file start_33.cif (mmCIF, C-alpha atoms)
data_structure
#
loop_
_atom_site.group_PDB
_atom_site.id
_atom_site.type_symbol
_atom_site.label_atom_id
_atom_site.label_comp_id
_atom_site.auth_asym_id
_atom_site.auth_seq_id
_atom_site.Cartn_x
_atom_site.Cartn_y
_atom_site.Cartn_z
ATOM 1 C CA MET L 1 15.694 55.751 13.247
ATOM 2 C CA SER L 2 17.317 55.172 16.589
ATOM 3 C CA LYS L 3 18.413 51.730 17.813
ATOM 4 C CA SER L 4 15.383 51.598 20.125
ATOM 5 C CA GLU L 5 12.983 52.399 17.296
ATOM 6 C CA ILE L 6 14.538 49.783 15.002
ATOM 7 C CA LEU L 7 14.482 47.158 17.760
ATOM 8 C CA LEU L 8 10.833 47.887 18.570
ATOM 9 C CA HIS L 9 9.923 47.858 14.876
ATOM 10 C CA LEU L 10 11.607 44.458 14.444
ATOM 11 C CA PHE L 11 9.857 43.074 17.530
ATOM 12 C CA TYR L 12 6.496 44.424 16.346
ATOM 13 C CA LEU L 13 6.877 42.830 12.901
ATOM 14 C CA LEU L 14 7.825 39.482 14.419
ATOM 15 C CA GLN L 15 5.001 39.678 16.981
ATOM 16 C CA SER L 16 2.583 40.398 14.112
ATOM 17 C CA GLY L 17 3.483 37.054 12.552
ATOM 18 C CA LYS L 18 5.673 38.440 9.778
ATOM 19 C CA VAL L 19 8.717 36.607 8.464
ATOM 20 C CA ILE L 20 11.688 38.982 8.359
ATOM 21 C CA HIS L 21 14.430 38.497 5.779
ATOM 22 C CA ARG L 22 17.689 39.658 7.368
ATOM 23 C CA HIS L 23 19.232 41.237 4.273
ATOM 24 C CA THR L 24 16.051 43.085 3.263
ATOM 25 C CA PHE L 25 15.463 44.417 6.780
ATOM 26 C CA CYS L 26 19.070 45.598 7.047
ATOM 27 C CA CYS L 27 18.825 47.447 3.731
ATOM 28 C CA GLU L 28 15.493 49.060 4.615
ATOM 29 C CA MET L 29 16.678 50.163 8.070
ATOM 30 C CA LYS L 30 20.185 51.063 6.857
ATOM 31 C CA ILE L 31 21.897 48.901 9.475
ATOM 32 C CA SER L 32 24.667 46.320 9.272
ATOM 33 C CA GLU L 33 23.967 42.618 9.566
ATOM 34 C CA ARG L 34 26.074 42.684 12.740
ATOM 35 C CA SER L 35 23.606 45.179 14.245
ATOM 36 C CA PHE L 36 20.741 42.915 13.161
ATOM 37 C CA TYR L 37 22.360 39.993 15.034
ATOM 38 C CA ARG L 38 22.666 42.165 18.153
ATOM 39 C CA TYR L 39 19.000 43.156 17.896
ATOM 40 C CA THR L 40 17.854 39.563 17.508
ATOM 41 C CA GLY L 41 20.020 38.658 20.500
ATOM 42 C CA ASP L 42 18.329 41.411 22.518
ATOM 43 C CA ILE L 43 14.916 40.057 21.501
ATOM 44 C CA LYS L 44 15.882 36.488 22.479
ATOM 45 C CA ASN L 45 17.084 37.712 25.892
ATOM 46 C CA PHE L 46 13.857 39.679 26.371
ATOM 47 C CA LEU L 47 11.726 36.623 25.602
ATOM 48 C CA ILE L 48 13.670 34.531 28.109
ATOM 49 C CA GLU L 49 13.842 37.173 30.844
ATOM 50 C CA PHE L 50 10.112 37.815 30.824
ATOM 51 C CA GLY L 51 9.098 34.190 30.284
ATOM 52 C CA LEU L 52 7.237 34.878 27.051
ATOM 53 C CA ARG L 53 6.185 31.707 25.310
ATOM 54 C CA LYS L 54 7.809 32.579 21.985
ATOM 55 C CA GLU L 55 11.024 31.527 20.329
ATOM 56 C CA LEU L 56 12.858 33.405 17.594
ATOM 57 C CA ARG L 57 13.803 31.026 14.795
ATOM 58 C CA GLU L 58 16.040 31.499 11.758
ATOM 59 C CA ASP L 59 15.916 29.613 8.479
ATOM 60 C CA SER L 60 18.112 30.676 5.550
ATOM 61 C CA GLY L 61 18.180 34.325 6.631
ATOM 62 C CA ASN L 62 14.472 34.443 7.433
ATOM 63 C CA TYR L 63 13.462 35.153 11.045
ATOM 64 C CA TYR L 64 10.116 34.432 12.682
ATOM 65 C CA PHE L 65 8.475 33.636 16.022
ATOM 66 C CA ILE L 66 7.090 30.267 16.979
ATOM 67 C CA ASP L 67 4.969 29.540 20.045
ATOM 68 C CA CYS L 68 6.544 27.352 22.721
#

call {"tool": "encode", "arguments": {"input": "start_33.cif", "output": "structure tokens"}}
result
Amino acid sequence: MSKSEILLHLFYLLQSGKVIHRHTFCCEMKISERSFYRYTGDIKNFLIEFGLRKELREDSGNYYFIDC
């Protein structure tokens, strides 16, 4: 998968209400954890830039959206 496809897949899963475990996602997508951090940073910037009322939260390697 390309970076764009992985990023969209991650966003879709989060938007669907799923909790994403960083290590599991990285293994499934065959990406480094550093790439995962960049993707989550891109998603956070997107949420802010477009004023979406969501926040990306992390708890012990698990990522999820909450409504603001």

call {"tool": "resolve_selection", "arguments": {"input": "start_33.cif", "expression": "the PyMOL selection byres ((chain L and resi 37-41) around 12)", "output": "PDB file with C-alpha atoms, keeping the file's coordinate frame"}}
result
ATOM      1  CA  LYS L   3      18.413  51.730  17.813  1.00  0.00           C
ATOM      2  CA  SER L   4      15.383  51.598  20.125  1.00  0.00           C
ATOM      3  CA  GLU L   5      12.983  52.399  17.296  1.00  0.00           C
ATOM      4  CA  ILE L   6      14.538  49.783  15.002  1.00  0.00           C
ATOM      5  CA  LEU L   7      14.482  47.158  17.760  1.00  0.00           C
ATOM      6  CA  LEU L   8      10.833  47.887  18.570  1.00  0.00           C
ATOM      7  CA  HIS L   9       9.923  47.858  14.876  1.00  0.00           C
ATOM      8  CA  LEU L  10      11.607  44.458  14.444  1.00  0.00           C
ATOM      9  CA  PHE L  11       9.857  43.074  17.530  1.00  0.00           C
ATOM     10  CA  LEU L  14       7.825  39.482  14.419  1.00  0.00           C
ATOM     11  CA  ILE L  20      11.688  38.982   8.359  1.00  0.00           C
ATOM     12  CA  ARG L  22      17.689  39.658   7.368  1.00  0.00           C
ATOM     13  CA  HIS L  23      19.232  41.237   4.273  1.00  0.00           C
ATOM     14  CA  PHE L  25      15.463  44.417   6.780  1.00  0.00           C
ATOM     15  CA  CYS L  26      19.070  45.598   7.047  1.00  0.00           C
ATOM     16  CA  ILE L  31      21.897  48.901   9.475  1.00  0.00           C
ATOM     17  CA  SER L  32      24.667  46.320   9.272  1.00  0.00           C
ATOM     18  CA  GLU L  33      23.967  42.618   9.566  1.00  0.00           C
ATOM     19  CA  ARG L  34      26.074  42.684  12.740  1.00  0.00           C
ATOM     20  CA  SER L  35      23.606  45.179  14.245  1.00  0.00           C
ATOM     21  CA  PHE L  36      20.741  42.915  13.161  1.00  0.00           C
ATOM     22  CA  ASP L  42      18.329  41.411  22.518  1.00  0.00           C
ATOM     23  CA  ILE L  43      14.916  40.057  21.501  1.00  0.00           C
ATOM     24  CA  LYS L  44      15.882  36.488  22.479  1.00  0.00           C
ATOM     25  CA  ASN L  45      17.084  37.712  25.892  1.00  0.00           C
ATOM     26  CA  PHE L  46      13.857  39.679  26.371  1.00  0.00           C
ATOM     27  CA  LEU L  47      11.726  36.623  25.602  1.00  0.00           C
ATOM     28  CA  ILE L  48      13.670  34.531  28.109  1.00  0.00           C
ATOM     29  CA  GLU L  55      11.024  31.527  20.329  1.00  0.00           C
ATOM     30  CA  LEU L  56      12.858  33.405  17.594  1.00  0.00           C
ATOM     31  CA  ARG L  57      13.803  31.026  14.795  1.00  0.00           C
ATOM     32  CA  GLU L  58      16.040  31.499  11.758  1.00  0.00           C
ATOM     33  CA  GLY L  61      18.180  34.325   6.631  1.00  0.00           C
ATOM     34  CA  ASN L  62      14.472  34.443   7.433  1.00  0.00           C
ATOM     35  CA  TYR L  63      13.462  35.153  11.045  1.00  0.00           C
ATOM     36  CA  TYR L  64      10.116  34.432  12.682  1.00  0.00           C
ATOM     37  CA  PHE L  65       8.475  33.636  16.022  1.00  0.00           C
TER      38      PHE L  65
END

call {"tool": "residues_around", "arguments": {"input": "start_33.cif", "residues": "Cys68 in chain L", "least_positions_apart": "4", "cutoff": "10 Å", "atoms": "only C-alpha atoms", "output": "PyMOL selection string"}}
result
chain L and resi 52-55

call {"tool": "atom_distance", "arguments": {"input": "start_33.cif", "atom1": "CA of Phe50 in chain L", "atom2": "CA of Val19 in chain L"}}
result
22.4 Å

call {"tool": "atom_distance", "arguments": {"input": "start_33.cif", "atom1": "CA of Gly17 in chain L", "atom2": "CA of Asp67 in chain L"}}
result
10.7 Å

call {"tool": "axis_aligned_box", "arguments": {"input": "start_33.cif", "around": "range 48-65 of chain L", "padding_each_side": "8 Å", "output": "lines of an AutoDock Vina configuration file"}}
result
center_x = 12.2
center_y = 33.7
center_z = 18.2
size_x = 28.0
size_y = 24.2
size_z = 41.3

call {"tool": "build_atoms", "arguments": {"input": "start_33.cif", "residues": "range 36-66 of chain L", "atoms": "N, CA and C atoms", "output": "CSV table (one decimal), in the coordinates of the input"}}
result
chain,number,residue,atom,x,y,z
L,36,PHE,N,21.9,43.8,13.2
L,36,PHE,CA,20.7,42.9,13.2
L,36,PHE,C,20.9,41.7,14.1
L,37,TYR,N,22.1,41.1,14.1
L,37,TYR,CA,22.4,40.0,15.0
L,37,TYR,C,22.3,40.4,16.5
L,38,ARG,N,22.8,41.6,16.8
L,38,ARG,CA,22.7,42.2,18.2
L,38,ARG,C,21.2,42.4,18.5
L,39,TYR,N,20.4,42.9,17.6
L,39,TYR,CA,19.0,43.2,17.9
L,39,TYR,C,18.3,41.8,18.1
L,40,THR,N,18.5,40.8,17.3
L,40,THR,CA,17.9,39.6,17.5
L,40,THR,C,18.3,38.9,18.8
L,41,GLY,N,19.5,39.1,19.2
L,41,GLY,CA,20.0,38.7,20.5
L,41,GLY,C,19.3,39.4,21.6
L,42,ASP,N,19.1,40.7,21.5
L,42,ASP,CA,18.3,41.4,22.5
L,42,ASP,C,16.9,40.9,22.6
L,43,ILE,N,16.3,40.6,21.5
L,43,ILE,CA,14.9,40.1,21.5
L,43,ILE,C,14.9,38.7,22.2
L,44,LYS,N,15.8,37.8,21.9
L,44,LYS,CA,15.9,36.5,22.5
L,44,LYS,C,16.0,36.6,24.0
L,45,ASN,N,16.9,37.5,24.4
L,45,ASN,CA,17.1,37.7,25.9
L,45,ASN,C,15.8,38.2,26.5
L,46,PHE,N,15.1,39.1,25.9
L,46,PHE,CA,13.9,39.7,26.4
L,46,PHE,C,12.8,38.6,26.5
L,47,LEU,N,12.7,37.7,25.5
L,47,LEU,CA,11.7,36.6,25.6
L,47,LEU,C,12.0,35.7,26.8
L,48,ILE,N,13.3,35.4,27.0
L,48,ILE,CA,13.7,34.5,28.1
L,48,ILE,C,13.4,35.2,29.4
L,49,GLU,N,13.9,36.5,29.6
L,49,GLU,CA,13.8,37.2,30.8
L,49,GLU,C,12.4,37.3,31.3
L,50,PHE,N,11.5,37.6,30.4
L,50,PHE,CA,10.1,37.8,30.8
L,50,PHE,C,9.2,36.6,30.7
L,51,GLY,N,9.8,35.4,30.3
L,51,GLY,CA,9.1,34.2,30.3
L,51,GLY,C,8.0,34.2,29.2
L,52,LEU,N,8.2,34.9,28.1
L,52,LEU,CA,7.2,34.9,27.1
L,52,LEU,C,7.3,33.6,26.3
L,53,ARG,N,6.2,33.0,25.9
L,53,ARG,CA,6.2,31.7,25.3
L,53,ARG,C,6.4,31.8,23.8
L,54,LYS,N,7.4,32.4,23.4
L,54,LYS,CA,7.8,32.6,22.0
L,54,LYS,C,9.3,32.2,21.8
L,55,GLU,N,9.6,31.8,20.7
L,55,GLU,CA,11.0,31.5,20.3
L,55,GLU,C,11.3,32.1,19.0
L,56,LEU,N,12.4,32.8,18.9
L,56,LEU,CA,12.9,33.4,17.6
L,56,LEU,C,13.6,32.4,16.8
L,57,ARG,N,13.2,32.0,15.6
L,57,ARG,CA,13.8,31.0,14.8
L,57,ARG,C,14.4,31.7,13.6
L,58,GLU,N,15.4,31.0,13.0
L,58,GLU,CA,16.0,31.5,11.8
L,58,GLU,C,16.1,30.3,10.8
L,59,ASP,N,15.8,30.6,9.5
L,59,ASP,CA,15.9,29.6,8.5
L,59,ASP,C,16.3,30.3,7.2
L,60,SER,N,17.6,30.1,6.8
L,60,SER,CA,18.1,30.7,5.6
L,60,SER,C,18.0,32.2,5.5
L,61,GLY,N,18.3,32.9,6.6
L,61,GLY,CA,18.2,34.3,6.6
L,61,GLY,C,16.8,34.9,6.9
L,62,ASN,N,15.8,34.0,7.1
L,62,ASN,CA,14.5,34.4,7.4
L,62,ASN,C,14.2,34.2,8.9
L,63,TYR,N,13.7,35.2,9.6
L,63,TYR,CA,13.5,35.2,11.0
L,63,TYR,C,12.0,35.2,11.3
L,64,TYR,N,11.5,34.5,12.3
L,64,TYR,CA,10.1,34.4,12.7
L,64,TYR,C,10.0,33.9,14.1
L,65,PHE,N,8.8,34.2,14.7
L,65,PHE,CA,8.5,33.6,16.0
L,65,PHE,C,7.7,32.3,15.9
L,66,ILE,N,8.0,31.4,16.8
L,66,ILE,CA,7.1,30.3,17.0
L,66,ILE,C,6.6,30.3,18.4
